[in-house]
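**Q** Compact mmCIF, C-alpha atoms, saved as protein-v6.txt, coming up:
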```
# COMPACT_ATOMS: atom_id res chain seq x y z
CA MET E 888 0.00 0.00 0.00
CA GLY E 889 1.39 3.33 -1.04
CA LYS E 890 4.77 3.82 -2.63
CA ASP E 891 8.01 5.24 -1.36
CA ALA E 892 8.69 8.92 -1.87
CA GLY E 893 10.73 9.61 -4.95
CA CYS E 894 10.97 11.97 -7.87
CA LEU E 895 7.85 13.83 -8.84
CA GLN E 896 6.36 12.22 -11.94
CA PRO E 897 3.43 13.48 -14.02
CA LEU E 898 0.03 12.31 -12.87
CA GLY E 899 -1.69 12.62 -16.23
CA GLY E 900 -0.62 9.19 -17.43
CA ALA E 901 -1.65 7.33 -14.29
CA THR E 902 -3.27 3.98 -14.99
CA LEU E 903 -6.24 2.95 -12.88
CA ARG E 904 -5.74 -0.25 -10.95
CA SER E 905 -7.87 -3.29 -11.62
CA PRO E 906 -10.73 -4.07 -9.23
CA LYS E 907 -9.41 -7.63 -8.92
CA GLY E 908 -9.57 -8.86 -5.36
CA TRP E 909 -12.43 -6.58 -4.29
CA GLY E 910 -15.35 -8.96 -4.74
CA GLY E 911 -14.86 -9.75 -8.44
CA ALA E 912 -17.30 -12.25 -9.86
CA LYS E 913 -18.97 -12.72 -6.52
CA HIS E 914 -20.25 -9.19 -6.69
CA MET E 915 -20.58 -8.67 -10.41
CA GLY E 916 -22.41 -11.88 -11.22
CA ALA E 917 -24.45 -12.72 -8.16
CA ASP E 918 -28.05 -11.59 -8.67
CA ASN E 919 -28.91 -12.29 -5.06
CA HIS E 920 -26.62 -9.44 -4.00
CA ARG E 921 -28.46 -7.05 -6.26
CA THR E 922 -31.79 -7.85 -4.68
CA ASP E 923 -30.63 -8.44 -1.16
CA GLU E 924 -32.04 -5.88 1.26
CA GLY E 925 -28.68 -5.62 2.99
CA HIS E 926 -26.94 -4.84 -0.27
CA ALA E 927 -29.50 -2.16 -1.07
CA ALA E 928 -29.03 -0.66 2.39
CA TYR E 929 -25.26 -0.63 1.86
CA LEU E 930 -25.63 1.21 -1.45
CA ARG E 931 -27.79 3.86 0.22
CA LEU E 932 -25.27 4.28 3.03
CA ALA E 933 -22.28 4.47 0.66
CA ALA E 934 -24.09 7.10 -1.43
CA ARG E 935 -24.86 9.14 1.68
CA GLU E 936 -21.57 9.00 3.60
CA HIS E 937 -17.84 9.01 2.90
CA PHE E 938 -15.86 6.41 4.85
CA PRO E 939 -18.91 5.12 6.80
CA GLU E 940 -16.90 2.35 8.48
CA TRP E 941 -14.64 5.07 9.94
CA THR E 942 -17.33 7.50 11.01
CA ALA E 943 -19.36 4.78 12.74
CA ARG E 944 -16.35 3.82 14.84
CA LEU E 945 -15.66 7.45 15.72
CA ARG E 946 -19.26 8.05 16.75
CA LEU E 947 -19.26 4.95 18.94
CA GLY E 948 -16.05 6.10 20.64
CA ALA E 949 -17.16 9.71 21.17
CA PRO E 950 -18.35 10.95 24.60
CA ASP E 951 -21.87 11.20 23.15
CA PRO E 952 -21.97 8.08 20.93
CA GLY E 953 -24.21 7.65 17.95
CA GLY E 954 -25.93 4.67 19.58
CA SER E 955 -27.91 2.24 17.46
CA ASP E 956 -27.43 4.20 14.22
CA ALA E 957 -23.65 3.99 14.49
CA GLU E 958 -23.81 0.32 15.51
CA SER E 959 -26.06 -0.59 12.57
CA SER E 960 -23.88 1.38 10.12
CA LEU E 961 -20.77 -0.38 11.38
CA ALA E 962 -22.39 -3.82 11.17
CA LEU E 963 -23.65 -3.07 7.66
CA MET E 964 -20.25 -1.92 6.43
CA GLU E 965 -18.42 -4.92 7.85
CA ARG E 966 -20.95 -7.19 6.17
CA ALA E 967 -20.50 -5.25 2.92
CA PHE E 968 -16.75 -5.83 2.96
CA ALA E 969 -17.18 -9.50 3.90
CA GLU E 970 -19.75 -10.12 1.16
CA GLY E 971 -17.67 -8.40 -1.52
CA TRP E 972 -20.12 -5.58 -2.10
CA VAL E 973 -17.42 -2.93 -1.64
CA ILE E 974 -15.49 -2.68 -4.90
CA PRO E 975 -13.41 0.11 -6.49
CA ARG E 976 -15.51 2.57 -8.45
CA PRO E 977 -13.12 4.78 -10.39
CA PRO E 978 -14.55 7.81 -12.23
CA ALA E 979 -15.78 7.15 -15.76
CA THR E 980 -13.78 10.06 -17.21
CA ARG E 981 -10.79 12.19 -16.24
CA SER E 982 -10.63 15.98 -16.32
CA GLY E 983 -6.92 16.10 -17.09
CA ARG E 984 -6.38 18.32 -14.03
CA THR E 985 -3.97 17.34 -11.27
CA VAL E 986 -4.30 18.02 -7.56
CA VAL E 987 -1.65 17.22 -4.95
CA VAL E 988 -2.57 16.80 -1.29
CA VAL E 989 0.13 17.05 1.38
CA GLY E 990 -1.03 15.18 4.47
CA GLY E 991 -2.70 11.77 4.69
CA GLY E 992 -4.97 12.29 7.69
CA MET E 993 -8.75 12.52 7.69
CA VAL E 994 -8.87 15.90 5.91
CA GLY E 995 -6.38 14.94 3.22
CA LEU E 996 -7.90 11.55 2.48
CA ALA E 997 -11.43 12.95 2.36
CA ALA E 998 -10.34 15.67 -0.06
CA ALA E 999 -8.41 13.17 -2.19
CA ALA E 1000 -11.35 10.75 -2.40
CA ALA E 1001 -13.80 13.47 -3.42
CA LEU E 1002 -11.49 15.05 -6.00
CA ASN E 1003 -10.68 11.66 -7.50
CA GLN E 1004 -14.38 10.90 -7.86
CA ALA E 1005 -14.75 14.29 -9.56
CA GLY E 1006 -12.38 13.00 -12.24
CA HIS E 1007 -9.13 14.75 -11.32
CA TYR E 1008 -5.77 13.03 -11.01
CA VAL E 1009 -4.88 13.07 -7.32
CA ARG E 1010 -1.65 12.35 -5.50
CA VAL E 1011 -1.33 12.26 -1.70
CA TYR E 1012 1.99 12.74 0.09
CA GLU E 1013 2.26 11.53 3.69
CA SER E 1014 5.41 11.88 5.80
CA SER E 1015 4.62 8.80 7.91
CA SER E 1016 4.77 5.22 6.72
CA ARG E 1017 1.08 4.89 7.58
CA LEU E 1018 -2.03 6.72 6.45
CA GLY E 1019 -4.80 8.05 8.66
CA GLY E 1020 -2.92 10.32 11.06
CA LEU E 1021 -4.91 10.77 14.26
CA LEU E 1022 -7.55 8.31 13.11
CA SER E 1023 -5.52 5.29 14.14
CA VAL E 1024 -3.68 6.98 17.00
CA GLY E 1025 -6.89 7.54 18.90
CA ALA E 1026 -8.56 10.56 20.39
CA GLY E 1027 -10.11 9.95 23.77
CA LEU E 1028 -11.82 6.57 23.43
CA ALA E 1029 -12.31 6.96 19.67
CA ARG E 1030 -9.96 5.19 17.33
CA VAL E 1031 -10.11 3.54 13.94
CA GLU E 1032 -7.91 0.47 13.86
CA GLN E 1033 -5.00 0.75 11.41
CA TRP E 1034 -6.17 -2.26 9.38
CA VAL E 1035 -9.53 -0.54 8.87
CA VAL E 1036 -7.77 2.59 7.64
CA ASP E 1037 -5.50 0.56 5.36
CA ARG E 1038 -8.44 -1.31 3.88
CA ARG E 1039 -10.09 1.91 2.75
CA VAL E 1040 -6.77 3.34 1.53
CA ARG E 1041 -6.27 0.29 -0.70
CA LEU E 1042 -9.70 0.97 -2.14
CA LEU E 1043 -8.78 4.61 -2.85
CA GLU E 1044 -5.63 3.43 -4.63
CA ALA E 1045 -7.63 0.99 -6.71
CA GLU E 1046 -9.90 3.88 -7.71
CA GLY E 1047 -6.92 5.85 -9.00
CA VAL E 1048 -5.64 7.91 -6.07
CA GLU E 1049 -1.84 7.81 -6.02
CA ILE E 1050 -0.40 7.67 -2.49
CA VAL E 1051 3.22 8.27 -1.56
CA THR E 1052 4.28 7.49 2.02
CA GLY E 1053 7.49 8.42 3.80
CA ALA E 1054 7.51 11.71 1.89
CA LYS E 1055 9.60 14.47 3.45
CA ILE E 1056 8.05 17.32 1.50
CA GLY E 1057 10.11 20.45 1.72
CA GLU E 1058 13.32 18.43 1.98
CA THR E 1059 13.72 15.84 -0.79
CA LEU E 1060 10.92 17.46 -2.78
CA GLY E 1061 10.05 21.12 -2.45
CA PHE E 1062 6.57 22.54 -1.94
CA ASP E 1063 7.34 24.95 -4.79
CA GLU E 1064 8.26 22.05 -7.09
CA ILE E 1065 4.91 20.39 -6.39
CA ARG E 1066 3.04 23.60 -7.05
CA GLU E 1067 4.73 24.07 -10.43
CA VAL E 1068 3.50 20.74 -11.81
CA SER E 1069 0.00 20.66 -10.32
CA ASP E 1070 -3.20 22.58 -10.96
CA ALA E 1071 -3.80 22.87 -7.22
CA LEU E 1072 -1.96 22.07 -4.00
CA ILE E 1073 -3.89 21.34 -0.79
CA LEU E 1074 -1.98 21.55 2.50
CA THR E 1075 -3.53 19.47 5.29
CA VAL E 1076 -0.50 19.32 7.53
CA GLY E 1077 -2.35 19.83 10.82
CA LYS E 1078 -0.86 20.87 14.14
CA ARG E 1079 2.64 19.46 14.42
CA ARG E 1080 4.46 22.37 16.12
CA PRO E 1081 4.36 21.37 19.80
CA ARG E 1082 4.71 23.55 22.86
CA ARG E 1083 7.99 22.81 24.60
CA LEU E 1084 8.72 22.48 28.29
CA ARG E 1085 12.07 24.22 28.73
CA VAL E 1086 13.25 23.39 32.24
CA PRO E 1087 16.20 21.51 33.77
CA GLY E 1088 15.75 17.74 33.77
CA VAL E 1089 13.30 17.53 30.87
CA ASP E 1090 15.51 14.84 29.27
CA THR E 1091 15.57 12.71 32.44
CA GLU E 1092 14.81 9.00 32.05
CA GLY E 1093 11.11 8.47 32.66
CA VAL E 1094 9.92 11.65 30.94
CA PHE E 1095 7.81 11.01 27.83
CA GLU E 1096 5.93 13.09 25.28
CA ALA E 1097 2.27 12.08 25.07
CA ASP E 1098 2.21 12.45 21.29
CA ARG E 1099 5.03 9.95 20.81
CA LEU E 1100 3.43 7.46 23.19
CA LEU E 1101 0.14 7.69 21.32
CA ARG E 1102 1.79 7.13 17.95
CA ARG E 1103 3.42 3.88 18.99
CA ARG E 1104 2.01 0.73 17.43
CA ASP E 1105 1.85 -0.73 20.94
CA HIS E 1106 -0.97 1.23 22.54
CA ASP E 1107 -0.40 -0.19 26.03
CA LEU E 1108 1.34 1.89 28.68
CA ASP E 1109 3.15 -0.28 31.22
CA ALA E 1110 3.12 1.77 34.44
CA ARG E 1111 2.77 -1.03 36.97
CA GLY E 1112 3.24 0.27 40.50
CA GLN E 1113 4.35 3.70 39.32
CA ARG E 1114 3.14 7.19 40.18
CA VAL E 1115 2.35 8.94 36.90
CA LEU E 1116 2.14 12.72 36.55
CA ILE E 1117 0.58 14.13 33.39
CA LEU E 1118 1.41 17.75 32.59
CA GLY E 1119 -1.31 18.93 30.22
CA ASP E 1120 -4.83 18.09 29.21
CA GLY E 1121 -7.05 17.45 26.21
CA GLU E 1122 -7.86 14.26 24.35
CA GLY E 1123 -4.24 13.09 24.27
CA ALA E 1124 -3.78 13.47 28.02
CA ASP E 1125 -7.10 11.69 28.64
CA THR E 1126 -6.01 8.77 26.49
CA VAL E 1127 -2.62 8.52 28.26
CA ARG E 1128 -4.32 8.69 31.66
CA ARG E 1129 -6.66 5.86 30.74
CA ARG E 1130 -3.81 3.71 29.44
CA ALA E 1131 -1.72 4.39 32.54
CA GLU E 1132 -4.61 3.27 34.75
CA GLU E 1133 -5.13 0.17 32.61
CA GLY E 1134 -1.37 -0.44 32.78
CA GLY E 1135 -1.44 -0.77 36.55
CA ALA E 1136 -0.26 2.67 37.69
CA ARG E 1137 -0.28 3.12 41.45
CA ALA E 1138 -1.57 6.69 41.08
CA VAL E 1139 -2.21 9.09 38.20
CA SER E 1140 -2.20 12.85 38.72
CA VAL E 1141 -3.08 15.42 36.07
CA PHE E 1142 -2.02 19.05 36.09
CA PRO E 1143 -4.11 20.54 33.25
CA LEU E 1144 -3.17 23.65 31.34
CA LEU E 1145 -4.80 26.72 32.81
CA GLY E 1146 -6.25 29.60 30.84
CA ARG E 1147 -6.16 28.87 27.11
CA GLY E 1148 -6.31 32.55 26.20
CA ILE E 1149 -3.42 33.43 28.49
CA GLN E 1150 -1.42 30.45 27.24
CA ALA E 1151 -1.96 31.53 23.63
CA ALA E 1152 -0.62 34.97 24.49
CA LEU E 1153 2.43 33.42 26.17
CA ASP E 1154 2.98 31.28 23.07
CA ARG E 1155 3.33 34.44 20.99
CA ARG E 1156 6.02 35.98 23.19
CA PRO E 1157 9.34 36.38 21.37
CA GLU E 1158 11.13 33.94 23.70
CA GLY E 1159 8.70 31.15 22.87
CA ALA E 1160 6.15 29.00 24.63
CA TRP E 1161 7.39 29.13 28.22
CA PRO E 1162 6.23 29.00 30.87
CA LEU E 1163 3.28 26.62 30.57
CA LEU E 1164 0.59 27.49 33.08
CA HIS E 1165 -1.07 24.62 34.94
CA SER E 1166 -3.64 24.38 37.68
CA ASP E 1167 -2.23 23.00 40.92
CA GLY E 1168 -3.69 19.56 40.29
CA GLY E 1169 -6.24 19.81 43.08
CA GLY E 1170 -9.04 21.40 41.12
CA SER E 1171 -7.96 24.90 42.14
CA PRO E 1172 -7.47 27.65 39.53
CA GLN E 1173 -4.20 28.60 41.24
CA PRO E 1174 -1.64 28.81 38.41
CA VAL E 1175 1.64 26.97 38.79
CA VAL E 1176 4.63 26.44 36.51
CA VAL E 1177 7.19 23.64 36.35
CA VAL E 1178 10.67 24.83 37.30
CA ALA E 1179 12.57 21.52 37.20
CA ILE E 1180 12.24 17.77 36.82
CA GLU E 1181 14.25 16.13 39.58
CA ALA E 1182 16.11 12.83 39.27
CA ASP E 1183 17.15 10.20 41.80
CA ASP E 1184 20.68 8.86 42.22
CA ALA E 1185 20.15 6.42 39.34
CA GLY E 1186 19.20 9.23 36.95
CA SER E 1187 15.49 8.39 36.76
CA VAL E 1188 12.60 10.73 37.50
CA ARG E 1189 11.92 11.22 41.20
CA SER E 1190 9.67 14.29 41.30
CA VAL E 1191 8.58 17.45 39.54
CA ARG E 1192 9.32 20.82 41.14
CA LEU E 1193 6.65 23.51 40.70
CA VAL E 1194 6.00 27.01 42.01
CA LYS E 1195 2.83 29.05 42.36
CA VAL E 1196 2.75 32.19 40.24
CA GLY E 1197 0.86 35.43 39.75
CA LEU E 1198 0.07 37.12 36.44
CA GLU E 1199 0.91 40.68 35.53
CA GLU E 1200 1.11 42.66 32.29
CA GLU E 1201 4.11 44.38 30.79
CA ARG E 1202 3.89 46.38 27.54
CA GLY E 1203 0.86 44.41 26.47
CA TRP E 1204 2.39 41.00 27.19
CA PRO E 1205 1.37 38.69 30.05
CA VAL E 1206 4.17 38.22 32.59
CA VAL E 1207 4.43 35.27 34.98
CA VAL E 1208 5.69 36.22 38.45
CA PRO E 1209 6.76 33.38 40.84
CA GLN E 1210 5.47 33.80 44.40
CA PRO E 1211 8.24 33.48 47.00
CA GLY E 1212 8.02 30.52 49.36
CA THR E 1213 5.43 28.61 47.30
CA ALA E 1214 7.63 26.01 45.58
CA PHE E 1215 6.66 22.38 46.10
CA SER E 1216 7.44 18.95 44.60
CA VAL E 1217 5.16 16.20 43.31
CA GLU E 1218 6.63 12.70 43.45
CA ALA E 1219 6.44 10.66 40.25
CA GLU E 1220 8.33 7.82 38.59
CA ARG E 1221 6.91 8.68 35.19
CA VAL E 1222 6.11 12.12 33.76
CA ILE E 1223 4.01 12.54 30.61
CA LEU E 1224 4.21 15.86 28.77
CA ALA E 1225 0.94 16.76 27.03
CA PRO E 1226 1.15 20.53 26.41
CA GLY E 1227 -0.58 20.43 23.04
CA PHE E 1228 0.35 22.11 19.79
CA VAL E 1229 0.46 25.74 18.75
CA GLY E 1230 0.03 25.13 15.02
CA PRO E 1231 1.60 23.50 11.97
CA ASP E 1232 5.31 23.59 11.28
CA THR E 1233 5.24 26.28 8.61
CA ARG E 1234 8.94 27.10 8.22
CA LEU E 1235 9.58 25.24 4.94
CA ILE E 1236 6.12 26.02 3.58
CA GLU E 1237 6.58 29.74 4.15
CA ARG E 1238 10.11 29.76 2.74
CA GLN E 1239 9.36 27.71 -0.40
CA LEU E 1240 5.86 28.89 -1.28
CA GLY E 1241 5.83 32.37 0.21
CA VAL E 1242 2.44 31.89 1.88
CA GLU E 1243 1.37 34.49 4.40
CA LEU E 1244 0.93 33.50 8.05
CA ASP E 1245 -1.61 34.74 10.56
CA VAL E 1246 -0.81 36.32 13.94
CA ASP E 1247 -0.50 32.90 15.55
CA GLY E 1248 2.03 31.65 13.00
CA ASN E 1249 -0.48 29.42 11.18
CA ILE E 1250 -1.01 29.45 7.43
CA ALA E 1251 -3.46 32.26 6.69
CA ALA E 1252 -6.47 31.06 4.68
CA ASP E 1253 -9.75 32.69 3.75
CA ARG E 1254 -13.18 31.18 4.33
CA ARG E 1255 -12.82 29.27 1.05
CA PHE E 1256 -9.49 27.74 2.12
CA GLY E 1257 -7.45 29.89 -0.26
CA THR E 1258 -4.02 31.11 0.83
CA SER E 1259 -2.10 34.16 -0.37
CA VAL E 1260 -0.57 32.02 -3.13
CA PRO E 1261 -2.92 31.24 -6.06
CA GLY E 1262 -3.69 27.57 -6.37
CA VAL E 1263 -2.54 26.74 -2.83
CA PHE E 1264 -5.20 25.80 -0.27
CA TYR E 1265 -5.02 25.06 3.44
CA ALA E 1266 -7.37 22.96 5.56
CA GLY E 1267 -7.22 20.78 8.63
CA HIS E 1268 -6.28 22.94 11.60
CA ALA E 1269 -8.87 21.47 13.99
CA ASN E 1270 -7.81 20.20 17.40
CA PRO E 1271 -7.59 16.39 17.45
CA GLY E 1272 -10.62 14.85 19.08
CA ALA E 1273 -13.40 12.45 18.18
CA SER E 1274 -15.90 15.16 17.28
CA GLU E 1275 -13.16 17.16 15.55
CA LEU E 1276 -12.17 14.15 13.42
CA LEU E 1277 -15.72 13.98 12.16
CA TRP E 1278 -15.53 17.72 11.52
CA ASP E 1279 -12.27 17.14 9.64
CA LEU E 1280 -14.11 14.83 7.26
CA SER E 1281 -16.59 17.59 6.50
CA GLN E 1282 -13.77 20.10 6.01
CA GLY E 1283 -11.97 17.76 3.62
CA LEU E 1284 -15.09 17.51 1.49
CA GLU E 1285 -15.59 21.27 1.58
CA VAL E 1286 -12.06 22.08 0.42
CA ALA E 1287 -12.40 19.44 -2.31
CA ALA E 1288 -15.56 21.11 -3.60
CA GLU E 1289 -13.81 24.49 -3.66
CA VAL E 1290 -10.74 23.14 -5.46
CA ASP E 1291 -12.91 21.28 -7.97
CA VAL E 1292 -14.56 24.55 -8.99
CA ARG E 1293 -11.25 26.42 -9.17
CA VAL E 1294 -9.33 23.90 -11.29
CA ARG E 1295 -12.20 23.68 -13.75
CA GLY E 1296 -11.88 27.41 -14.29
CA GLY E 1297 -14.91 28.49 -12.32
CA SER E 1298 -15.35 30.59 -9.20
CA SER E 1299 -17.48 29.86 -6.17
CA GLU E 1300 -17.73 33.59 -5.58
CA ALA E 1301 -20.32 33.88 -8.35
```
Go through the file and emit its structure as structure tokens.
**A**
Amino acid sequence: MGKDAGCLQPLGGATLRSPKGWGGAKHMGADNHRTDEGHAAYLRLAAREHFPEWTARLRLGAPDPGGSDAESSLALMERAFAEGWVIPRPPATRSGRTVVVVGGGMVGLAAAAALNQAGHYVRVYESSSRLGGLLSVGAGLARVEQWVVDRRVRLLEAEGVEIVTGAKIGETLGFDEIREVSDALILTVGKRRPRRLRVPGVDTEGVFEADRLLRRRDHDLDARGQRVLILGDGEGADTVRRRAEEGGARAVSVFPLLGRGIQAALDRRPEGAWPLLHSDGGGSPQPVVVVAIEADDAGSVRSVRLVKVGLEEERGWPVVVPQPGTAFSVEAERVILAPGFVGPDTRLIERQLGVELDVDGNIAADRRFGTSVPGVFYAGHANPGASELLWDLSQGLEVAAEVDVRVRGGSSEA
């Protein structure tokens, strides 16, 4: 599935793959499937929803699950795959236009699927070896198993979508090079620029980044008998907390980020995203900051040193002021950093394409996903969560509709 990143080749001569292996004669020649009520229900569902086997799983894993509708959709789709009803359906004709999508998460794959069905040649570049992004990593309790993602990706490939994995766009292949040979470029890079905890001891053994833990193929977190301290909050922190408890942790404490608006202002300070404000872990709004991660004699994490702080303002910037005599330590054998992300890594994109950025350092895009560079579009800056992943699907379809109009020479402004 997918091909290794290499030289950029024209898309116009792409040959559609054969449907062999996706039901074949069983589907094409079996009259009972055509009349079967289940088959008819599948066709209605497939016409109504993109990736229904994904969305059903996400709804079931969300805090407010879709209930019987999601369960019936999931059961129907699994039966459809088992019975051979799901086969590649490439477009009857091609427009001759090419669209390149950078990013193989929910937004990018949704956009690619829709644009391919519209008849355009589509290539997807993904930096990872796997497709799906946060879909298979999990957000809260919601996750789409990697084999489920891969099954749909194989179907997209059979329908003519070209997928390149392990692609380091901006390095081995420039964003500007892609733009020159495509009719449109869609950036769906997401939030990959993390906040950083810049304190002594952050590299101590036993300190882990939540994002890296969540992206491991092994989703278990062995914390047997350990005290786990999570610095941060959100869906990622919730997932790590649950896995730590399932992994036998003796105790799990969470110090959530405090004051999103204040934290965003601190992120924009010239010296970078420090300090990170947390509540004191006891449900109080008292802000605290980490000043050091302390190690034992063996070099492993022993505790985290924090101090209570006040907030002041200096020349329009928030200033964090430590309160004397308020420092304290929280014992922990494992520390998980979950400070979240401040936006996409835009350095190479800005340098090679010349796109304008907004005040937060994200790619600036209008309400129709257009950037300051003609033919370059940006989508997919939602926070990762179950409901947001479903929203990402909608956004992927919306940007695809906009790009379809543009590359055909029309304008949605009319």
**Q** Here is a test: counting all atoms listed in the file, which residue of E:Val1196, E:Met993, E:Leu1224, E:Ile1065 is nearest to Gly1093 in chain E?
**A**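 Using all atoms listed in the file, the shortest distance to Gly1093 in chain E belongs to E:Leu1224.
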**Q** From the set E:Leu1240, E:Asp1245, E:Gly1227, E:Tyr1008, which residue has the shortest atom-to-atom contact distance to Glu1122 in chain E, counting only C-alpha atoms?
**A**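 When distances to Glu1122 in chain E are compared using only C-alpha atoms, the smallest one comes from E:Gly1227.
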**Q** To one decimal in Å, tell me the separation between CA of Gly995 in chain E and CA of Val1011 in chain E.
**A**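 Answer for the CA of Gly995 in chain E to CA of Val1011 in chain E separation: 7.5 Å.
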**Q** Take CA of Val1115 in chain E and CA of Phe1228 in chain E and report the distance between them in Å, one decimal.
**A** 21.7 Å
**Q** My list of candidates is E:Leu1043, E:Met964, E:Val1207, E:Ala1185. Which is closest to Pro978 in chain E when distances are computed with all atoms listed in the file?
**A** E:Leu1043
**Q** Would you pick out the contacts of Ala1138 in chain E at 12 Å or less, using only C-alpha atoms, so that residues sharing its chain but fewer than 3 positions from it are not included, and give the list as a ChimeraX atom specification?
**A** /E:1110-1117,1128-1129,1131-1135,1141,1217-1222
**Q** Measuring atom to atom with all atoms listed in the file, identify which of E:Ser1216, E:Ser1281, E:Thr942, E:Thr980 is nearest to Val1036 in chain E.
**A**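 Using all atoms listed in the file, the shortest distance to Val1036 in chain E belongs to E:Thr942.
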**Q** Measure the distance from CA of Gly1019 in chain E to CA of Gly1123 in chain E in Å and round it to one decimal.
**A** 16.4 Å
**Q** From the set E:Lys1195, E:Arg976, E:Arg944, E:Arg1017, which residue has the shortest atom-to-atom contact distance to Ala962 in chain E, counting only C-alpha atoms?
**A**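 When distances to Ala962 in chain E are compared using only C-alpha atoms, the smallest one comes from E:Arg944.
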**Q** Pull the neighbourhood of (-0.6, 16.7, 2.0) for me: all residues within 7 Å in file coordinates, counting all atoms listed in the file, as an mmCIF file with C-alpha atoms, keeping the file's coordinate frame.
**A**
```cif
data_model
loop_
_atom_site.group_PDB
_atom_site.id
_atom_site.type_symbol
_atom_site.label_atom_id
_atom_site.label_comp_id
_atom_site.auth_asym_id
_atom_site.auth_seq_id
_atom_site.Cartn_x
_atom_site.Cartn_y
_atom_site.Cartn_z
ATOM 1 C CA VAL E 988 -2.570 16.800 -1.290
ATOM 2 C CA VAL E 989 0.130 17.050 1.380
ATOM 3 C CA GLY E 990 -1.030 15.180 4.470
ATOM 4 C CA GLY E 991 -2.700 11.770 4.690
ATOM 5 C CA GLY E 995 -6.380 14.940 3.220
ATOM 6 C CA VAL E 1011 -1.330 12.260 -1.700
ATOM 7 C CA TYR E 1012 1.990 12.740 0.090
ATOM 8 C CA GLU E 1013 2.260 11.530 3.690
ATOM 9 C CA ILE E 1073 -3.890 21.340 -0.790
ATOM 10 C CA LEU E 1074 -1.980 21.550 2.500
ATOM 11 C CA THR E 1075 -3.530 19.470 5.290
ATOM 12 C CA VAL E 1076 -0.500 19.320 7.530
#
```
**Q** Go through E:Gly1267, E:Pro1174, E:Gly1212, E:Gly1088 and flag the residue nearest Ser1187 in chain E, using all atoms listed in the file for the distances.
**A**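 Using all atoms listed in the file, Ser1187 in chain E sits closest to E:Gly1088.
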**Q** Do a neighbour search on range 1288-1298 of chain E at 10 Å with only C-alpha atoms, toss out local chain neighbours closer than 5 positions, and write the hits as a PyMOL selection string.
**A** chain E and resi 982-986+998+1001-1003+1005-1007+1069-1073+1255-1257+1262-1264+1282-1283
**Q** Would you save range 1208-1218 of chain E from the block above with N, CA, C and O atoms, as a tab-separated table (two decimals), in the first residue's frame?
**A**
```tsv
chain	number	residue	atom	x	y	z
E	1208	VAL	N	4.87	35.81	37.32
E	1208	VAL	CA	5.69	36.22	38.45
E	1208	VAL	C	5.63	35.14	39.54
E	1208	VAL	O	4.58	34.93	40.17
E	1209	PRO	N	6.75	34.40	39.78
E	1209	PRO	CA	6.76	33.38	40.84
E	1209	PRO	C	6.52	34.01	42.21
E	1209	PRO	O	7.00	35.10	42.50
E	1210	GLN	N	5.76	33.33	43.05
E	1210	GLN	CA	5.47	33.80	44.40
E	1210	GLN	C	6.49	33.18	45.37
E	1210	GLN	O	6.59	31.96	45.46
E	1211	PRO	N	7.21	33.99	46.08
E	1211	PRO	CA	8.24	33.48	47.00
E	1211	PRO	C	7.66	32.51	48.04
E	1211	PRO	O	6.55	32.71	48.55
E	1212	GLY	N	8.41	31.48	48.31
E	1212	GLY	CA	8.02	30.52	49.36
E	1212	GLY	C	6.91	29.58	48.98
E	1212	GLY	O	6.34	28.92	49.87
E	1213	THR	N	6.55	29.48	47.70
E	1213	THR	CA	5.43	28.61	47.30
E	1213	THR	C	5.87	27.40	46.50
E	1213	THR	O	5.03	26.65	45.99
E	1214	ALA	N	7.15	27.16	46.36
E	1214	ALA	CA	7.63	26.01	45.58
E	1214	ALA	C	7.28	24.71	46.30
E	1214	ALA	O	7.29	24.63	47.53
E	1215	PHE	N	6.97	23.70	45.54
E	1215	PHE	CA	6.66	22.38	46.10
E	1215	PHE	C	6.99	21.32	45.05
E	1215	PHE	O	7.14	21.61	43.86
E	1216	SER	N	7.11	20.06	45.50
E	1216	SER	CA	7.44	18.95	44.60
E	1216	SER	C	6.33	17.92	44.61
E	1216	SER	O	5.69	17.69	45.64
E	1217	VAL	N	6.12	17.30	43.46
E	1217	VAL	CA	5.16	16.20	43.31
E	1217	VAL	C	5.95	14.96	42.91
E	1217	VAL	O	6.64	14.95	41.89
E	1218	GLU	N	5.87	13.91	43.73
E	1218	GLU	CA	6.63	12.70	43.45
E	1218	GLU	C	6.02	11.94	42.27
E	1218	GLU	O	4.80	11.85	42.14
```
